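Source file: start.txt; contents: compact mmCIF, C-alpha atoms and all ligand atoms.
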# COMPACT_ATOMS: atom_id res chain seq x y z
CA MET A 247 -37.79 -45.68 -38.69
CA LEU A 248 -37.42 -45.57 -42.41
CA SER A 249 -40.61 -46.06 -44.29
CA SER A 250 -40.57 -48.43 -47.20
CA VAL A 251 -39.57 -46.91 -50.47
CA LYS A 252 -42.13 -47.17 -53.21
CA SER A 253 -40.41 -48.51 -56.24
CA LYS A 254 -41.32 -46.57 -59.29
CA GLY A 255 -38.21 -47.54 -61.16
CA LYS A 256 -38.48 -47.10 -64.86
CA PRO A 257 -37.38 -50.01 -67.02
CA ASN A 258 -34.80 -47.97 -68.86
CA GLY A 259 -31.96 -50.35 -68.12
CA LYS A 260 -30.59 -48.08 -65.45
CA LYS A 261 -30.47 -49.32 -61.93
CA PRO A 262 -32.76 -47.18 -59.79
CA ALA A 263 -30.59 -45.08 -57.55
CA ALA A 264 -32.50 -45.92 -54.38
CA GLU A 265 -31.55 -49.56 -54.61
CA GLU A 266 -28.03 -48.49 -54.03
CA LYS A 267 -27.00 -47.42 -50.60
CA LYS A 268 -27.67 -43.79 -49.95
CA LEU A 269 -24.19 -42.54 -49.32
CA TYR A 270 -25.42 -39.15 -48.17
CA LEU A 271 -27.12 -40.78 -45.17
CA GLU A 272 -23.87 -42.11 -43.74
CA PRO A 273 -23.37 -40.51 -40.32
CA GLU A 274 -19.78 -39.60 -41.08
CA TYR A 275 -21.10 -37.38 -43.88
CA THR A 276 -24.33 -36.09 -42.39
CA LYS A 277 -22.48 -34.62 -39.46
CA SER A 278 -20.36 -32.50 -41.75
CA ARG A 279 -21.45 -28.83 -41.77
CA ILE A 280 -19.65 -25.59 -42.29
CA THR A 281 -21.34 -23.97 -39.35
CA ASP A 282 -23.28 -24.90 -36.24
CA PHE A 283 -25.42 -21.84 -36.61
CA GLU A 284 -28.99 -22.05 -35.32
CA PHE A 285 -30.83 -21.93 -38.63
CA LYS A 286 -34.22 -22.27 -36.99
CA GLU A 287 -33.76 -18.79 -35.60
CA LEU A 288 -32.04 -17.43 -38.64
CA VAL A 289 -35.00 -18.16 -40.94
CA MET A 290 -37.57 -16.43 -38.75
CA LEU A 291 -39.01 -13.18 -39.91
CA PRO A 292 -37.20 -10.43 -38.03
CA ARG A 293 -39.19 -7.67 -36.41
CA GLU A 294 -39.68 -4.60 -38.57
CA ILE A 295 -39.08 -6.48 -41.77
CA ASP A 296 -41.85 -6.91 -44.29
CA LEU A 297 -42.72 -10.55 -44.97
CA ASN A 298 -42.51 -10.22 -48.74
CA GLU A 299 -39.15 -8.46 -48.51
CA TRP A 300 -37.91 -11.28 -46.33
CA LEU A 301 -39.17 -13.97 -48.71
CA ALA A 302 -37.74 -12.13 -51.71
CA SER A 303 -34.29 -11.67 -50.27
CA ASN A 304 -34.01 -15.20 -48.93
CA THR A 305 -35.35 -16.79 -52.11
CA THR A 306 -32.89 -14.82 -54.22
CA THR A 307 -30.02 -15.83 -51.95
CA PHE A 308 -30.99 -19.51 -52.03
CA PHE A 309 -31.23 -19.34 -55.80
CA HIS A 310 -27.65 -18.06 -56.02
CA HIS A 311 -26.28 -20.56 -53.52
CA ILE A 312 -28.03 -23.56 -55.05
CA ASN A 313 -26.94 -22.48 -58.51
CA LEU A 314 -23.38 -22.25 -57.24
CA GLN A 315 -23.54 -25.61 -55.48
CA TYR A 316 -24.86 -27.23 -58.66
CA SER A 317 -22.14 -25.60 -60.73
CA THR A 318 -19.51 -27.46 -58.70
CA ILE A 319 -20.77 -30.79 -60.05
CA SER A 320 -22.32 -29.65 -63.32
CA GLU A 321 -19.53 -31.12 -65.42
CA PHE A 322 -20.61 -34.55 -64.14
CA CYS A 323 -24.30 -33.93 -64.74
CA THR A 324 -24.57 -34.61 -68.43
CA GLY A 325 -27.19 -35.83 -70.86
CA GLU A 326 -25.50 -39.19 -70.66
CA SER A 327 -25.00 -39.60 -66.94
CA CYS A 328 -28.41 -38.13 -66.10
CA GLN A 329 -30.77 -38.90 -68.93
CA THR A 330 -33.76 -37.82 -66.86
CA MET A 331 -34.22 -35.47 -63.95
CA ALA A 332 -34.23 -38.23 -61.39
CA VAL A 333 -34.26 -38.09 -57.63
CA CYS A 334 -34.11 -41.56 -56.13
CA ASN A 335 -36.88 -43.36 -58.02
CA THR A 336 -38.85 -40.34 -59.05
CA GLN A 337 -38.54 -38.50 -62.30
CA TYR A 338 -39.43 -34.91 -62.82
CA TYR A 339 -40.62 -33.37 -66.03
CA TRP A 340 -40.51 -29.79 -67.06
CA TYR A 341 -43.68 -28.06 -68.21
CA ASP A 342 -43.47 -25.28 -70.75
CA GLU A 343 -45.47 -22.02 -70.57
CA ARG A 344 -48.45 -23.72 -72.15
CA GLY A 345 -48.33 -26.51 -69.60
CA LYS A 346 -46.99 -29.04 -72.03
CA LYS A 347 -44.91 -31.75 -70.44
CA ILE A 348 -41.34 -31.85 -71.69
CA LYS A 349 -39.13 -34.84 -71.31
CA CYS A 350 -35.62 -33.64 -70.67
CA THR A 351 -32.28 -34.64 -69.26
CA ALA A 352 -31.26 -33.49 -65.79
CA PRO A 353 -28.89 -30.77 -67.04
CA GLN A 354 -31.64 -29.45 -69.31
CA TYR A 355 -34.11 -29.48 -66.44
CA VAL A 356 -31.70 -27.62 -64.17
CA ASP A 357 -31.07 -25.14 -66.96
CA PHE A 358 -34.84 -24.56 -67.32
CA VAL A 359 -35.08 -24.04 -63.56
CA MET A 360 -32.14 -21.67 -63.30
CA SER A 361 -33.00 -19.56 -66.30
CA SER A 362 -36.66 -19.17 -65.37
CA VAL A 363 -35.80 -18.33 -61.76
CA GLN A 364 -33.15 -15.88 -62.91
CA LYS A 365 -35.78 -14.20 -65.07
CA LEU A 366 -38.20 -13.93 -62.15
CA VAL A 367 -35.83 -12.66 -59.49
CA THR A 368 -34.51 -9.97 -61.79
CA ASP A 369 -37.98 -8.91 -62.95
CA GLU A 370 -38.73 -5.63 -61.23
CA ASP A 371 -42.48 -6.36 -61.48
CA VAL A 372 -42.13 -9.62 -59.56
CA PHE A 373 -39.22 -8.96 -57.21
CA PRO A 374 -39.34 -5.18 -56.85
CA THR A 375 -36.25 -3.56 -55.39
CA LYS A 376 -37.19 0.07 -55.88
CA TYR A 377 -38.65 1.98 -52.99
CA GLY A 378 -42.41 2.13 -52.94
CA LYS A 379 -42.90 -0.53 -55.55
CA GLU A 380 -45.49 -3.13 -54.54
CA PHE A 381 -45.14 -6.88 -54.74
CA PRO A 382 -47.57 -8.48 -57.20
CA ASN A 383 -50.51 -10.55 -55.94
CA SER A 384 -48.93 -13.62 -57.47
CA PHE A 385 -45.73 -13.10 -55.47
CA GLU A 386 -46.26 -15.83 -52.91
CA SER A 387 -47.27 -18.44 -55.44
CA LEU A 388 -44.23 -17.60 -57.55
CA VAL A 389 -41.95 -17.92 -54.54
CA LYS A 390 -43.51 -21.31 -53.83
CA LYS A 391 -42.89 -22.42 -57.38
CA ILE A 392 -39.27 -21.27 -57.25
CA CYS A 393 -38.67 -23.10 -53.98
CA LYS A 394 -40.17 -26.29 -55.33
CA TYR A 395 -37.82 -26.27 -58.31
CA LEU A 396 -34.80 -25.34 -56.23
CA PHE A 397 -35.62 -28.28 -53.99
CA HIS A 398 -35.55 -30.60 -57.03
CA VAL A 399 -32.07 -29.37 -57.88
CA LEU A 400 -30.76 -29.89 -54.34
CA ALA A 401 -32.33 -33.34 -54.20
CA HIS A 402 -30.77 -34.26 -57.52
CA ILE A 403 -27.32 -33.26 -56.29
CA TYR A 404 -27.77 -35.57 -53.31
CA SER A 405 -29.24 -38.51 -55.16
CA SER A 406 -27.01 -38.43 -58.24
CA HIS A 407 -23.92 -36.40 -57.46
CA PHE A 408 -23.09 -36.93 -53.83
CA LYS A 409 -19.97 -38.92 -54.66
CA GLU A 410 -18.59 -36.06 -56.71
CA THR A 411 -19.56 -33.59 -54.01
CA LEU A 412 -17.65 -35.71 -51.51
CA ALA A 413 -14.62 -35.86 -53.75
CA LEU A 414 -14.65 -32.07 -53.87
CA GLU A 415 -15.11 -31.98 -50.10
CA LEU A 416 -18.16 -29.81 -50.52
CA HIS A 417 -20.62 -32.03 -48.66
CA GLY A 418 -20.40 -29.80 -45.59
CA HIS A 419 -21.54 -26.89 -47.75
CA LEU A 420 -24.29 -28.97 -49.31
CA ASN A 421 -25.58 -30.18 -45.93
CA THR A 422 -25.54 -26.67 -44.53
CA LEU A 423 -27.32 -25.21 -47.53
CA TYR A 424 -29.92 -27.99 -47.49
CA THR A 425 -30.63 -27.58 -43.77
CA HIS A 426 -30.98 -23.82 -44.06
CA PHE A 427 -33.23 -24.15 -47.12
CA ILE A 428 -35.52 -26.80 -45.61
CA LEU A 429 -35.97 -24.84 -42.40
CA PHE A 430 -36.78 -21.74 -44.44
CA ILE A 431 -39.44 -23.40 -46.62
CA ARG A 432 -40.93 -25.05 -43.54
CA GLU A 433 -41.09 -21.82 -41.60
CA PHE A 434 -43.21 -20.19 -44.30
CA ASN A 435 -44.95 -23.28 -45.70
CA LEU A 436 -43.50 -22.68 -49.11
CA VAL A 437 -43.36 -26.25 -50.39
CA ASP A 438 -46.00 -28.93 -49.99
CA PRO A 439 -44.55 -31.54 -47.58
CA LYS A 440 -45.61 -34.23 -50.06
CA GLU A 441 -43.15 -32.75 -52.51
CA THR A 442 -40.24 -33.10 -50.10
CA THR A 443 -41.14 -36.57 -48.77
CA ILE A 444 -38.65 -38.04 -51.16
CA MET A 445 -35.81 -36.66 -49.06
CA ASP A 446 -37.41 -37.09 -45.64
CA ASP A 447 -34.78 -39.56 -44.48
CA LEU A 448 -32.07 -36.96 -45.00
CA THR A 449 -34.17 -34.08 -43.73
CA GLU A 450 -34.84 -35.93 -40.51
CA VAL A 451 -31.16 -36.48 -39.86
CA LEU A 452 -29.99 -33.01 -40.85
CA CYS A 453 -32.79 -30.82 -39.57
CA SER A 454 -33.57 -32.51 -36.29
CA SER A 455 -29.96 -32.30 -35.18
CA SER A 456 -29.61 -28.75 -36.40
CA GLY A 457 -28.28 -26.55 -33.65
CA SER A 458 -27.77 -29.05 -30.88
CA SER A 459 -24.33 -30.19 -31.90
CA SER A 460 -24.20 -33.75 -30.70
CA ASN A 461 -20.76 -34.93 -31.63
CA GLY A 462 -18.04 -33.57 -29.45
CA SER A 463 -16.62 -30.48 -31.12
CA GLY A 464 -16.41 -28.03 -28.30
CA ASN A 465 -19.09 -26.01 -26.58
CA GLY A 466 -21.12 -27.63 -23.84
CA SER A 467 -24.19 -27.72 -26.08
CA SER A 468 -27.02 -25.27 -25.60
CA ASN A 469 -30.14 -26.20 -23.70
CA SER A 470 -32.49 -28.09 -26.02
CA ALA A 471 -35.10 -26.48 -28.22
CA GLY A 472 -36.45 -24.34 -25.47
CA ALA A 473 -36.25 -20.66 -26.20
CA GLN A 474 -38.70 -19.78 -28.89
CA ASN A 475 -39.60 -16.18 -29.26
CA HIS A 476 -41.26 -16.45 -32.56
CA VAL A 477 -42.61 -13.31 -34.13
CA LYS A 478 -45.40 -14.69 -36.25
CA GLU A 479 -48.08 -12.04 -36.29
CA ARG A 480 -47.30 -9.05 -38.38
ZN ZN B 501 -27.20 -35.05 -62.77

Using the file provided, produce a representation of the structure as structure tokens.
Amino acid sequence: MLSSVKSKGKPNGKKPAAEEKKLYLEPEYTKSRITDFEFKELVMLPREIDLNEWLASNTTTFFHHINLQYSTISEFCTGESCQTMAVCNTQYYWYDERGKKIKCTAPQYVDFVMSSVQKLVTDEDVFPTKYGKEFPNSFESLVKKICKYLFHVLAHIYSSHFKETLALELHGHLNTLYTHFILFIREFNLVDPKETTIMDDLTEVLCSSSGSSSNGSGNGSSNSAGAQNHVKER
């Protein structure tokens, strides 16, 4: 059941996106993936791998993939088409280093996100790559921050640029990336569920069906969500 959408539409003359039909929820599009891979297992911390190493490498990879996915529609995400960083009826604001709220367009917001994440993941003091170098105490909270902002970018692509993504036939990539990302942040509690509520309708469709391929396409589907050999304690 879909819960009612709180309307926080701003009277800026623009029709709030959520009043329109959410194209990305259409079954013919949600079933499009580039792989049927079992992401639930893929995101789990493998034995013998340090948790921070795992978080660092996955976060860096998601950053590159989400940046790439956004770049496919970036020419359509302009100061005119996206005057604010909107996702459905919610608007996000950027906060500068001093915590001052900055009103910005979506492309500016994404640029703030990508450049600050780029800075962090290439900072040897934050994401150490050299042998024997320790992760900083703030590592986990920084990873959480990065994931929160990357989620905003993904959500913006869905809510404002799904049509263009469809035209490019990249929705299978987007769905796959989103599913993998959501299962990753869930596995390690990296983003407050309240933050992702805004996309729960999509998450439910994409992530609950992940793995058990329902619609035809070959293999006699694996036995439900049974086998869980989760290595949690390390
Ligand atoms: Zn945009």

Could you give me, as a Markdown table, a per-residue list for chain A showing, wherever an atom lies at most 7 Å from an atom of ligand ZN 501 (chain B), the closest pair of atoms and their distance in Å to one decimal, using all atoms listed in the file and sorting by chain then residue number from low to high?
| residue | atom | partner | partner_atom | distance |
| --- | --- | --- | --- | --- |
| A:Phe322 | CA | B:ZN501 | ZN | 6.7 |
| A:Cys323 | CA | B:ZN501 | ZN | 3.7 |
| A:Thr324 | CA | B:ZN501 | ZN | 6.3 |
| A:Ser327 | CA | B:ZN501 | ZN | 6.6 |
| A:Cys328 | CA | B:ZN501 | ZN | 4.7 |
| A:Ala352 | CA | B:ZN501 | ZN | 5.3 |
| A:Pro353 | CA | B:ZN501 | ZN | 6.3 |
| A:His402 | CA | B:ZN501 | ZN | 6.4 |
| A:Ile403 | CA | B:ZN501 | ZN | 6.7 |
| A:Ser406 | CA | B:ZN501 | ZN | 5.7 |
| A:His407 | CA | B:ZN501 | ZN | 6.4 |

Within 10 Å of region 387-399 of chain A, which residues of region 340-359 of chain A show up? Give each one with its shortest atom-to-atom distance in Å (one decimal) and the two atoms involved, counting only C-alpha atoms, rows by chain then rising residue number, as CSV.
residue,atom,partner,partner_atom,distance
A:Trp340,CA,A:Tyr395,CA,9.8
A:Ala352,CA,A:Val399,CA,9.0
A:Pro353,CA,A:Val399,CA,9.8
A:Tyr355,CA,A:Val399,CA,8.8
A:Val356,CA,A:Val399,CA,6.5
A:Phe358,CA,A:Tyr395,CA,9.6
A:Val359,CA,A:Tyr395,CA,6.3

Write out as a ChimeraX atom specification each polymer residue whose atoms come within 8 Å of Met360 (chain A), counting all atoms listed in the file; drop sequence neighbours fewer than 4 positions from it.
/A:309,313,356,364

A:Val333, A:Ala401, A:Leu416, A:Ile428 ranked by distance to Thr305 (chain A), top pick (using all atoms listed in the file)
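Closest to Thr305 (chain A) of all the choices is A:Ile428.
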
State, in Å with one decimal place, the distance from CA of Thr442 (chain A) to CA of Glu343 (chain A).
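Spanning CA of Thr442 (chain A) to CA of Glu343 (chain A) is a straight-line distance of 23.9 Å.
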